[in-house]
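Structure file upload-v6.tsv (TSV, C-alpha atoms) is printed below.
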```tsv
chain	number	residue	atom	x	y	z
Y	1	MET	CA	-53.90	70.73	26.86
Y	2	ARG	CA	-57.00	72.78	26.16
Y	3	ALA	CA	-58.20	72.22	29.67
Y	4	ALA	CA	-54.87	73.46	31.03
Y	5	LEU	CA	-54.67	76.55	28.83
Y	6	LEU	CA	-58.22	77.84	29.29
Y	7	PRO	CA	-57.81	78.74	32.95
Y	8	LEU	CA	-54.50	80.46	32.07
Y	9	ALA	CA	-56.31	82.55	29.47
Y	10	ALA	CA	-59.04	83.39	31.96
Y	11	GLN	CA	-56.66	84.76	34.61
Y	12	ALA	CA	-56.29	88.15	32.96
Y	13	ASP	CA	-57.77	89.95	35.97
Y	14	HIS	CA	-55.19	88.45	38.33
Y	15	VAL	CA	-52.30	89.92	36.37
Y	16	SER	CA	-53.93	93.31	35.83
Y	17	LEU	CA	-54.11	93.08	32.05
Y	18	THR	CA	-57.15	94.66	30.42
Y	19	PRO	CA	-58.47	93.09	27.21
Y	20	ARG	CA	-57.27	96.17	25.36
Y	21	THR	CA	-53.67	95.71	26.62
Y	22	ARG	CA	-53.77	92.08	25.58
Y	23	VAL	CA	-54.95	92.93	22.08
Y	24	ILE	CA	-52.30	95.61	21.69
Y	25	ALA	CA	-49.59	93.26	22.96
Y	26	ALA	CA	-50.72	90.48	20.61
Y	27	VAL	CA	-50.83	92.80	17.61
Y	28	LEU	CA	-47.39	94.19	18.48
Y	29	ALA	CA	-45.98	90.67	18.84
Y	30	ILE	CA	-47.34	89.64	15.45
Y	31	LEU	CA	-46.12	92.82	13.77
Y	32	PHE	CA	-42.71	92.34	15.42
Y	33	MET	CA	-42.39	88.80	14.10
Y	34	LEU	CA	-43.51	89.88	10.64
Y	35	TRP	CA	-40.86	92.60	10.76
Y	36	ILE	CA	-38.17	90.03	11.67
Y	37	LEU	CA	-39.35	87.81	8.80
Y	38	ASP	CA	-39.16	90.76	6.43
Y	39	LEU	CA	-35.64	91.63	7.59
Y	40	ILE	CA	-34.53	88.07	6.92
Y	41	ARG	CA	-36.29	88.07	3.55
Y	42	ARG	CA	-34.44	91.22	2.49
Y	43	ASP	CA	-31.09	89.84	3.75
Y	44	ARG	CA	-30.82	92.57	6.37
Y	45	LEU	CA	-30.73	90.03	9.21
Y	46	GLN	CA	-29.00	86.66	9.24
Y	47	GLU	CA	-31.11	83.68	10.30
Y	48	ARG	CA	-28.75	82.73	13.10
Y	49	TYR	CA	-29.25	86.10	14.78
Y	50	SER	CA	-33.01	86.06	14.20
Y	51	VAL	CA	-33.87	83.05	16.35
Y	52	ILE	CA	-33.55	84.91	19.63
Y	53	TRP	CA	-35.83	87.72	18.39
Y	54	PHE	CA	-38.40	85.26	17.17
Y	55	VAL	CA	-38.49	83.57	20.55
Y	56	PHE	CA	-38.91	87.04	22.03
Y	57	GLY	CA	-41.94	87.71	19.80
Y	58	LEU	CA	-43.50	84.33	20.54
Y	59	ALA	CA	-43.10	84.89	24.29
Y	60	LEU	CA	-44.85	88.25	23.96
Y	61	LEU	CA	-47.68	86.65	22.03
Y	62	ALA	CA	-48.01	83.83	24.55
Y	63	GLY	CA	-48.12	86.35	27.39
Y	64	ALA	CA	-50.91	88.27	25.68
Y	65	ALA	CA	-52.95	85.16	24.88
Y	66	PHE	CA	-52.51	83.43	28.22
Y	67	PRO	CA	-51.96	85.98	31.00
Y	68	GLY	CA	-52.08	83.11	33.49
Y	69	LEU	CA	-48.65	82.05	32.22
Y	70	LEU	CA	-47.22	85.20	33.69
Y	71	LYS	CA	-48.83	84.38	37.02
Y	72	VAL	CA	-47.33	80.89	36.94
Y	73	VAL	CA	-43.89	82.33	36.21
Y	74	ALA	CA	-44.22	84.98	38.90
Y	75	ASP	CA	-45.21	82.34	41.44
Y	76	ALA	CA	-42.27	80.19	40.40
Y	77	MET	CA	-39.96	83.19	40.95
Y	78	GLY	CA	-41.53	83.87	44.29
Y	79	VAL	CA	-42.65	87.34	43.15
Y	80	ARG	CA	-46.06	88.48	44.29
Y	81	ASP	CA	-46.46	91.26	41.73
Y	82	THR	CA	-46.65	89.89	38.19
Y	83	ASN	CA	-45.55	93.25	36.77
Y	84	VAL	CA	-42.28	93.04	38.69
Y	85	ALA	CA	-41.77	89.53	37.37
Y	86	LEU	CA	-42.44	90.71	33.82
Y	87	PHE	CA	-39.97	93.58	34.02
Y	88	SER	CA	-37.32	91.48	35.74
Y	89	ILE	CA	-37.51	88.85	33.03
Y	90	LEU	CA	-37.36	91.47	30.31
Y	91	LEU	CA	-34.40	93.20	31.92
Y	92	LEU	CA	-32.43	89.97	32.33
Y	93	LEU	CA	-33.25	88.96	28.79
Y	94	LEU	CA	-32.02	92.28	27.40
Y	95	LEU	CA	-28.85	92.09	29.53
Y	96	GLY	CA	-28.17	88.63	28.17
Y	97	LEU	CA	-28.74	89.85	24.64
Y	98	ALA	CA	-26.39	92.81	25.11
Y	99	LEU	CA	-23.67	90.54	26.47
Y	100	ASN	CA	-24.22	88.16	23.60
Y	101	PHE	CA	-23.69	91.04	21.18
Y	102	SER	CA	-20.48	92.08	22.97
Y	103	VAL	CA	-19.13	88.56	22.56
Y	104	ILE	CA	-20.03	88.54	18.88
Y	105	MET	CA	-18.48	92.00	18.47
Y	106	SER	CA	-15.23	90.94	20.14
Y	107	ARG	CA	-14.94	87.92	17.89
Y	108	GLN	CA	-15.60	89.95	14.78
Y	109	SER	CA	-13.20	92.68	15.89
Y	110	THR	CA	-10.43	90.07	16.24
Y	111	GLN	CA	-11.27	88.73	12.80
Y	112	ILE	CA	-11.23	92.21	11.27
Y	113	THR	CA	-7.84	92.98	12.84
Y	114	ARG	CA	-6.35	89.78	11.46
Y	115	LEU	CA	-7.84	90.52	8.06
Y	116	ALA	CA	-6.30	94.02	8.10
Y	117	GLN	CA	-2.93	92.56	9.12
Y	118	GLU	CA	-3.03	89.99	6.36
Y	119	ARG	CA	-3.84	92.73	3.87
Y	120	ALA	CA	-0.98	94.89	5.19
Y	121	ILE	CA	1.43	91.97	4.81
Y	122	GLU	CA	0.19	91.31	1.29
Y	123	ARG	CA	0.79	94.96	0.42
Y	124	ALA	CA	4.36	94.81	1.70
Y	125	ARG	CA	4.91	91.60	-0.29
Y	126	GLU	CA	3.52	93.25	-3.42
Y	127	GLN	CA	5.81	96.22	-2.91
Y	128	GLY	CA	8.82	93.92	-2.40
Y	129	ALA	CA	8.02	91.89	-5.51
Y	130	ARG	CA	7.42	94.98	-7.61
Y	131	GLU	CA	10.68	96.62	-6.51
Y	132	ALA	CA	12.64	93.42	-7.10
Y	133	LEU	CA	11.16	93.20	-10.59
Y	134	GLU	CA	11.97	96.83	-11.31
Y	135	ARG	CA	15.54	96.29	-10.12
Y	136	ARG	CA	15.89	93.28	-12.40
Y	137	LEU	CA	14.48	95.16	-15.36
Y	138	ASN	CA	16.79	98.11	-14.68
Y	139	GLY	CA	19.64	95.67	-14.11
Y	140	ALA	CA	18.91	93.98	-17.42
Y	141	ALA	CA	18.83	97.37	-19.12
Y	142	GLU	CA	22.13	98.34	-17.51
Y	143	ALA	CA	23.62	94.94	-18.31
Y	144	SER	CA	22.86	95.38	-21.99
Y	145	ASP	CA	24.43	98.84	-21.77
Y	146	GLU	CA	27.42	97.29	-20.02
Y	147	SER	CA	27.86	94.53	-22.57
Y	148	ALA	CA	27.99	97.21	-25.20
Y	149	ALA	CA	30.49	99.08	-23.02
Y	150	ARG	CA	32.54	95.90	-22.45
Y	151	ALA	CA	32.88	95.51	-26.17
Y	152	ALA	CA	34.42	98.99	-26.05
Y	153	GLY	CA	36.94	97.77	-23.42
Y	154	GLU	CA	35.40	98.89	-20.06
Y	155	PRO	CA	35.37	96.68	-16.87
Y	156	PRO	CA	32.15	94.73	-16.06
Y	157	PRO	CA	29.95	95.83	-13.10
Y	158	GLY	CA	29.66	93.91	-9.80
Y	159	ALA	CA	26.78	91.41	-9.75
Y	160	ALA	CA	23.76	93.07	-8.18
Y	161	ASP	CA	21.75	89.94	-7.35
T	1	MET	CA	21.29	85.29	10.71
T	2	ARG	CA	18.67	87.72	9.41
T	3	THR	CA	17.36	90.62	11.42
T	4	LEU	CA	14.27	92.74	10.94
T	5	VAL	CA	13.70	96.14	12.49
T	6	PHE	CA	10.10	97.23	12.24
T	7	ILE	CA	8.66	100.63	13.00
T	8	PRO	CA	4.96	101.02	13.83
T	9	ALA	CA	3.86	104.43	12.57
T	10	TRP	CA	0.62	106.33	12.78
T	11	ASN	CA	0.71	109.76	11.15
T	12	GLU	CA	4.45	110.13	11.72
T	13	GLU	CA	5.56	111.50	8.36
T	14	ALA	CA	7.44	114.33	10.11
T	15	SER	CA	9.85	112.09	12.02
T	16	LEU	CA	9.90	108.88	9.98
T	17	ASP	CA	12.75	109.78	7.62
T	18	GLY	CA	15.05	110.56	10.53
T	19	VAL	CA	14.20	107.30	12.29
T	20	ILE	CA	14.82	105.21	9.16
T	21	ALA	CA	18.15	106.94	8.56
T	22	ASP	CA	19.09	106.38	12.19
T	23	VAL	CA	18.30	102.65	11.98
T	24	ARG	CA	20.28	102.31	8.74
T	25	ALA	CA	23.28	104.03	10.31
T	26	HIS	CA	23.35	101.97	13.52
T	27	ILE	CA	21.91	98.60	12.44
T	28	PRO	CA	23.16	98.35	8.84
T	29	ASP	CA	22.65	94.58	8.52
T	30	ALA	CA	18.92	94.69	9.36
T	31	ASP	CA	15.99	94.86	6.96
T	32	ILE	CA	13.48	97.58	7.78
T	33	LEU	CA	9.69	97.34	7.67
T	34	VAL	CA	7.40	100.26	8.44
T	35	VAL	CA	3.95	99.23	9.68
T	36	ASP	CA	1.63	102.07	8.76
T	37	ASP	CA	-1.33	101.86	11.12
T	38	GLY	CA	-3.89	103.44	8.83
T	39	SER	CA	-2.25	106.87	8.67
T	40	THR	CA	-4.13	109.70	7.02
T	41	ASP	CA	-0.94	111.61	6.23
T	42	GLY	CA	1.84	110.62	3.85
T	43	THR	CA	3.51	108.08	6.17
T	44	THR	CA	3.37	105.22	3.66
T	45	GLU	CA	4.62	107.36	0.76
T	46	ARG	CA	7.47	108.79	2.85
T	47	ALA	CA	8.60	105.35	3.93
T	48	ARG	CA	8.44	103.99	0.37
T	49	ALA	CA	10.39	106.98	-0.88
T	50	ALA	CA	13.00	106.20	1.77
T	51	GLY	CA	13.32	102.78	0.15
T	52	VAL	CA	11.87	100.53	2.85
T	53	LEU	CA	9.01	98.03	2.67
T	54	VAL	CA	5.72	99.24	4.13
T	55	ALA	CA	2.90	97.11	5.53
T	56	THR	CA	-0.08	99.43	5.37
T	57	LEU	CA	-3.07	98.53	7.53
T	58	PRO	CA	-6.25	99.56	5.70
T	59	PHE	CA	-7.53	101.41	8.78
T	60	ASN	CA	-6.23	102.44	12.19
T	61	GLN	CA	-6.16	99.39	14.44
T	62	GLY	CA	-4.09	100.58	17.38
T	63	LEU	CA	-0.49	100.01	18.40
T	64	GLY	CA	-1.01	96.40	19.47
T	65	ALA	CA	-2.32	95.33	16.08
T	66	ALA	CA	0.45	97.26	14.33
T	67	LEU	CA	3.14	95.59	16.42
T	68	GLN	CA	1.59	92.20	15.85
T	69	THR	CA	1.71	92.85	12.11
T	70	GLY	CA	5.46	93.36	12.48
T	71	TYR	CA	5.90	90.14	14.44
T	72	LEU	CA	3.74	88.31	11.90
T	73	TRP	CA	5.90	89.59	9.05
T	74	ALA	CA	9.13	88.65	10.87
T	75	MET	CA	7.73	85.17	11.55
T	76	ARG	CA	6.49	84.52	8.01
T	77	GLU	CA	9.57	85.93	6.28
T	78	GLY	CA	11.78	83.70	8.39
T	79	TYR	CA	13.80	86.31	10.28
T	80	ASP	CA	15.91	85.04	13.16
T	81	PHE	CA	15.66	88.21	15.21
T	82	CYS	CA	13.50	91.28	15.19
T	83	ALA	CA	13.33	94.58	17.00
T	84	HIS	CA	10.92	97.48	16.99
T	85	LEU	CA	11.10	101.12	17.96
T	86	ASP	CA	8.72	104.07	17.91
T	87	ALA	CA	8.46	106.23	14.81
T	88	ASP	CA	8.36	109.53	16.69
T	89	GLY	CA	12.11	109.78	17.17
T	90	GLN	CA	12.14	108.99	20.89
T	91	HIS	CA	14.12	105.82	20.45
T	92	PRO	CA	17.76	106.10	19.31
T	93	ALA	CA	18.65	103.23	16.97
T	94	ALA	CA	22.03	102.89	18.69
T	95	GLU	CA	20.15	101.71	21.78
T	96	VAL	CA	18.05	99.29	19.72
T	97	ALA	CA	21.30	97.80	18.45
T	98	ARG	CA	22.30	97.09	22.05
T	99	LEU	CA	19.00	95.27	22.65
T	100	LEU	CA	19.53	93.21	19.51
T	101	ALA	CA	23.02	92.28	20.68
T	102	GLU	CA	21.46	90.75	23.80
T	103	VAL	CA	19.04	88.48	21.91
T	104	ARG	CA	21.68	87.57	19.35
T	105	ALA	CA	23.95	86.47	22.19
T	106	ASP	CA	20.98	84.36	23.41
T	107	LYS	CA	20.99	86.06	26.79
T	108	ALA	CA	17.21	86.45	26.63
T	109	ASP	CA	14.23	85.74	24.34
T	110	LEU	CA	12.74	89.21	24.70
T	111	VAL	CA	14.71	92.33	25.62
T	112	LEU	CA	13.10	95.64	26.57
T	113	GLY	CA	14.69	99.03	26.51
T	114	SER	CA	14.02	100.71	29.85
T	115	ARG	CA	14.07	104.44	30.39
T	116	TYR	CA	14.08	104.04	34.14
T	117	ALA	CA	16.48	101.21	34.90
T	118	ALA	CA	19.77	102.32	36.44
T	119	ARG	CA	22.40	102.58	33.79
T	120	PRO	CA	26.01	101.65	34.51
T	121	GLU	CA	28.24	104.70	34.29
T	122	PRO	CA	30.68	104.62	31.40
T	123	LEU	CA	34.31	104.35	32.39
T	124	PRO	CA	36.11	107.67	32.70
T	125	GLY	CA	38.30	108.36	29.72
T	126	ALA	CA	36.17	106.10	27.50
T	127	PRO	CA	32.91	108.05	27.16
T	128	GLU	CA	30.16	106.24	25.32
T	129	PRO	CA	28.95	108.07	22.27
T	130	GLU	CA	25.61	109.42	23.47
T	131	PRO	CA	22.81	110.01	20.97
T	132	GLU	CA	22.14	113.67	20.50
T	133	GLY	CA	18.89	115.28	21.64
T	134	GLU	CA	17.06	116.19	24.82
T	135	ASP	CA	16.59	113.41	27.38
T	136	TYR	CA	13.15	111.94	27.92
T	137	LYS	CA	11.23	113.29	30.94
T	138	ALA	CA	7.95	111.79	32.12
T	139	THR	CA	4.98	113.99	33.05
T	140	TRP	CA	3.44	113.57	36.52
T	141	SER	CA	0.31	111.78	35.31
T	142	ARG	CA	2.50	109.38	33.42
T	143	GLN	CA	4.67	108.89	36.51
T	144	ILE	CA	1.65	107.60	38.44
T	145	GLY	CA	0.71	105.19	35.68
T	146	ILE	CA	4.28	104.00	35.37
T	147	ASN	CA	4.49	103.21	39.05
T	148	VAL	CA	1.12	101.46	39.22
T	149	PHE	CA	1.93	99.26	36.25
T	150	ARG	CA	5.42	98.58	37.50
T	151	PHE	CA	4.03	97.38	40.82
T	152	MET	CA	1.21	95.29	39.34
T	153	LEU	CA	3.34	93.64	36.71
T	154	THR	CA	6.10	92.86	39.18
T	155	LEU	CA	3.45	91.30	41.41
T	156	ALA	CA	1.95	89.31	38.54
T	157	THR	CA	5.19	88.06	37.00
T	158	ARG	CA	7.43	87.99	40.09
T	159	GLN	CA	10.05	89.66	37.95
T	160	ARG	CA	11.16	93.26	38.35
T	161	PHE	CA	10.23	95.54	35.48
T	162	THR	CA	10.94	99.26	35.51
T	163	ASP	CA	9.61	100.36	32.13
T	164	THR	CA	6.48	98.36	31.41
T	165	THR	CA	5.22	100.37	28.47
T	166	SER	CA	8.49	100.61	26.59
T	167	GLY	CA	7.97	100.39	22.85
T	168	MET	CA	11.60	99.53	22.17
T	169	ARG	CA	12.12	95.80	22.12
T	170	ALA	CA	14.17	93.05	20.55
T	171	ALA	CA	13.07	89.44	20.22
T	172	ASN	CA	13.97	86.04	18.81
T	173	ARG	CA	11.79	83.54	16.95
T	174	ARG	CA	10.26	82.06	20.08
T	175	VAL	CA	8.77	85.45	20.90
T	176	MET	CA	7.76	86.08	17.28
T	177	LYS	CA	5.80	82.83	17.27
T	178	LEU	CA	4.02	83.67	20.52
T	179	PHE	CA	3.26	87.30	19.68
T	180	SER	CA	2.16	86.71	16.11
T	181	GLU	CA	-0.57	84.40	17.43
T	182	ASN	CA	-1.40	85.91	20.82
T	183	TYR	CA	-1.09	89.63	21.17
T	184	SER	CA	-3.85	91.53	22.86
T	185	PRO	CA	-4.81	94.53	20.77
T	186	ASP	CA	-6.13	96.37	23.83
T	187	PHE	CA	-3.11	96.48	26.05
T	188	ALA	CA	-0.22	95.35	23.99
T	189	GLU	CA	2.79	96.44	26.01
T	190	ILE	CA	1.84	95.14	29.42
T	191	GLU	CA	-0.10	92.05	28.53
T	192	SER	CA	2.60	90.88	26.16
T	193	LEU	CA	5.18	91.03	28.97
T	194	GLN	CA	2.92	89.10	31.29
T	195	LEU	CA	2.23	86.57	28.55
T	196	ALA	CA	5.90	86.10	27.71
T	197	VAL	CA	6.84	85.50	31.35
T	198	ARG	CA	3.93	83.11	31.83
T	199	GLU	CA	4.97	81.13	28.78
T	200	GLY	CA	8.39	80.68	30.36
T	201	LEU	CA	10.32	82.96	28.02
T	202	ARG	CA	13.36	84.84	29.28
T	203	VAL	CA	12.50	88.52	29.43
T	204	GLU	CA	15.22	91.03	30.25
T	205	GLU	CA	15.43	94.78	30.63
T	206	VAL	CA	18.33	96.82	29.38
T	207	PRO	CA	18.71	100.44	30.46
T	208	VAL	CA	18.54	102.78	27.48
T	209	ARG	CA	18.41	106.48	26.83
T	210	MET	CA	15.28	107.84	25.20
T	211	LEU	CA	14.76	111.29	23.76
T	212	GLU	CA	11.99	113.85	23.72
T	213	ARG	CA	9.77	113.27	20.72
T	214	THR	CA	10.66	115.16	17.55
T	215	GLY	CA	7.21	115.11	15.97
T	216	GLY	CA	3.56	114.38	16.84
T	217	SER	CA	2.16	114.48	20.38
T	218	SER	CA	1.32	111.99	23.11
T	219	PHE	CA	-2.25	110.78	23.11
T	220	LEU	CA	-2.46	110.85	26.92
T	221	THR	CA	-4.67	113.34	28.74
T	222	PRO	CA	-5.29	112.95	32.52
T	223	VAL	CA	-8.72	111.37	31.98
T	224	ARG	CA	-7.37	109.02	29.37
T	225	SER	CA	-4.47	108.19	31.67
T	226	ALA	CA	-6.86	107.23	34.44
T	227	PHE	CA	-8.89	105.06	32.10
T	228	PHE	CA	-5.65	103.62	30.73
T	229	ILE	CA	-4.51	102.66	34.23
T	230	PHE	CA	-7.86	101.13	35.13
T	231	LYS	CA	-7.93	99.10	31.94
T	232	GLY	CA	-4.37	97.98	32.57
T	233	LEU	CA	-5.23	96.70	36.01
T	234	VAL	CA	-8.16	94.69	34.68
T	235	VAL	CA	-6.00	93.28	31.90
T	236	ILE	CA	-3.26	92.18	34.30
T	237	LEU	CA	-5.79	90.61	36.65
T	238	VAL	CA	-7.55	88.70	33.89
T	239	GLY	CA	-4.20	87.75	32.36
T	240	GLN	CA	-3.32	85.85	35.49
T	241	PHE	CA	-6.17	83.45	34.82
T	242	LYS	CA	-5.61	82.88	31.14
T	243	PRO	CA	-4.63	79.36	30.13
T	244	ARG	CA	-0.96	78.81	29.34
T	245	HIS	CA	-0.43	77.85	25.72
T	246	ALA	CA	2.66	75.79	26.39
T	247	GLU	CA	0.63	73.60	28.72
T	248	ALA	CA	-2.16	73.27	26.22
T	249	GLU	CA	0.27	72.09	23.57
T	250	ARG	CA	1.73	69.38	25.77
```
Can you present the structure in this file as structure tokens?
Amino acid sequence: MRAALLPLAAQADHVSLTPRTRVIAAVLAILFMLWILDLIRRDRLQERYSVIWFVFGLALLAGAAFPGLLKVVADAMGVRDTNVALFSILLLLLLGLALNFSVIMSRQSTQITRLAQERAIERAREQGAREALERRLNGAAEASDESAARAAGEPPPGAAD
Amino acid sequence: MRTLVFIPAWNEEASLDGVIADVRAHIPDADILVVDDGSTDGTTERARAAGVLVATLPFNQGLGAALQTGYLWAMREGYDFCAHLDADGQHPAAEVARLLAEVRADKADLVLGSRYAARPEPLPGAPEPEPEGEDYKATWSRQIGINVFRFMLTLATRQRFTDTTSGMRAANRRVMKLFSENYSPDFAEIESLQLAVREGLRVEEVPVRMLERTGGSSFLTPVRSAFFIFKGLVVILVGQFKPRHAEAER
């Protein structure tokens, strides 16, 4: 393992990464992952949506530590310039992420609509129940008036319900 | 046999009273439900004051979601038939009554009121009582959209439709069941027709008279119309490849 990784780490010159770039990239990757962890810790990000970002951070770190990896990937893609390979991968990854978010958004939008509809139906039911109750209370009030009136010899009202 | 007439309304307080009165006058045996699609004006209060039930969506969800709420209510409350018409006063309730007569007679599962279908002339000496008001006229940008959709939908369903975006419809329980579960919020009018035909339901058009709106304004500008048409085409195309639910149930 060590024997395989060392040459990968030593190939920095082949992929035009200066030591400074590698350090910056590594620091950024670590900060990025710490940020993700913090977001999860403060309940700002759900774990299930954090996995992809964590993988993203790890990949960045791996690229900084072992520039040879990038060369291997570029060769596998048949791309001569490792920078092109890097940007292509990043672009595809971001596209995939954006699509993933659209799918999640669509699902949630459907759920929100159904929730709103259920609430609207509940409101109409509430209104119906309340009005029926009011009618019965009024009816009861009128009925007691009527029974008093009937005693005085007036005809009874038609049944409302 | 119980019938529900529901009215999707979004900021239509100006015309709602008239529409409710119209429905009561021409379809006296039907219950009325107003679906308030998150209005910011007094639509809900007006409707309640008029003595009808109101299903108020907590925020604006679009016509498709509002219509689906109506179908959902009709389904859950056990109505045998339902119909809906616009709240802006374009749809005379007398015409809705004719649509309802068709589904009640079991001539079709879903009946649409069409502005553009040829209407049989009334017999001389026995003039039909025509609803009062100015006749509906389509603008040119709308004409294009109408024709594109008409063509695409006819192609997709192999059934001739003249008024694909008509918001005046009557339906039985089979349609309620389908629409309360599957009703695209994005392109309600067209996709629902396509869906109903694909599910093997009998869809029929009845020529009706529609009026110029009494309140509010159309949301269509030329740019929106173009986007509307484009979206419609995509929806119809994709709709052709959606799985049939009836088959899935078997």
**Item:** Contacts of T:Arg160 at 10 Å (all atoms listed in the file; same-chain gap of 5+ positions) as an MDAnalysis selection string
**Value:** chainID T and resid 150:151 153:155 204:205
Just C-alpha atoms for this one: save the residues we selected as a PDB file, in the coordinates of the input.
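The resulting file, selection29.pdb, is reproduced below:
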```
ATOM      1  CA  ARG T 150       5.420  98.580  37.500  1.00  0.00           C
ATOM      2  CA  PHE T 151       4.030  97.380  40.820  1.00  0.00           C
ATOM      3  CA  LEU T 153       3.340  93.640  36.710  1.00  0.00           C
ATOM      4  CA  THR T 154       6.100  92.860  39.180  1.00  0.00           C
ATOM      5  CA  LEU T 155       3.450  91.300  41.410  1.00  0.00           C
ATOM      6  CA  GLU T 204      15.220  91.030  30.250  1.00  0.00           C
ATOM      7  CA  GLU T 205      15.430  94.780  30.630  1.00  0.00           C
TER       8      GLU T 205
END
```
**Prompt:** Could you write out as a list in words the residues of chain Y within 6 Å of chain T, counting all atoms listed in the file?
**Reply:**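 Going by the stated atoms only, the list reads Ala116, Gln117, Ala120, Ile121, Arg123 and Ala124 of chain Y.
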**Message:** If I take atom CA of T:Ala105 and atom CA of T:Asp31, how far is one from the other in Å, to one decimal?
**Reply:** 19.1 Å
**Request:** Would you kindly return, as a PyMOL selection string, each protein, DNA or RNA residue with an atom no farther than 12 Å from any atom of Y:Val55, considering all atoms listed in the file and excluding same-chain residues fewer than 4 positions away?
**Result:** chain Y and resi 29-30+32-33+36+49-51+59-62+93
**Item:** Counting all atoms listed in the file, the residue of Y:Glu142, Y:Leu91, Y:Leu133, Y:Arg114 that sits nearest T:Ser180
**Value:**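 Closest residue, counting all atoms listed in the file: Y:Arg114.
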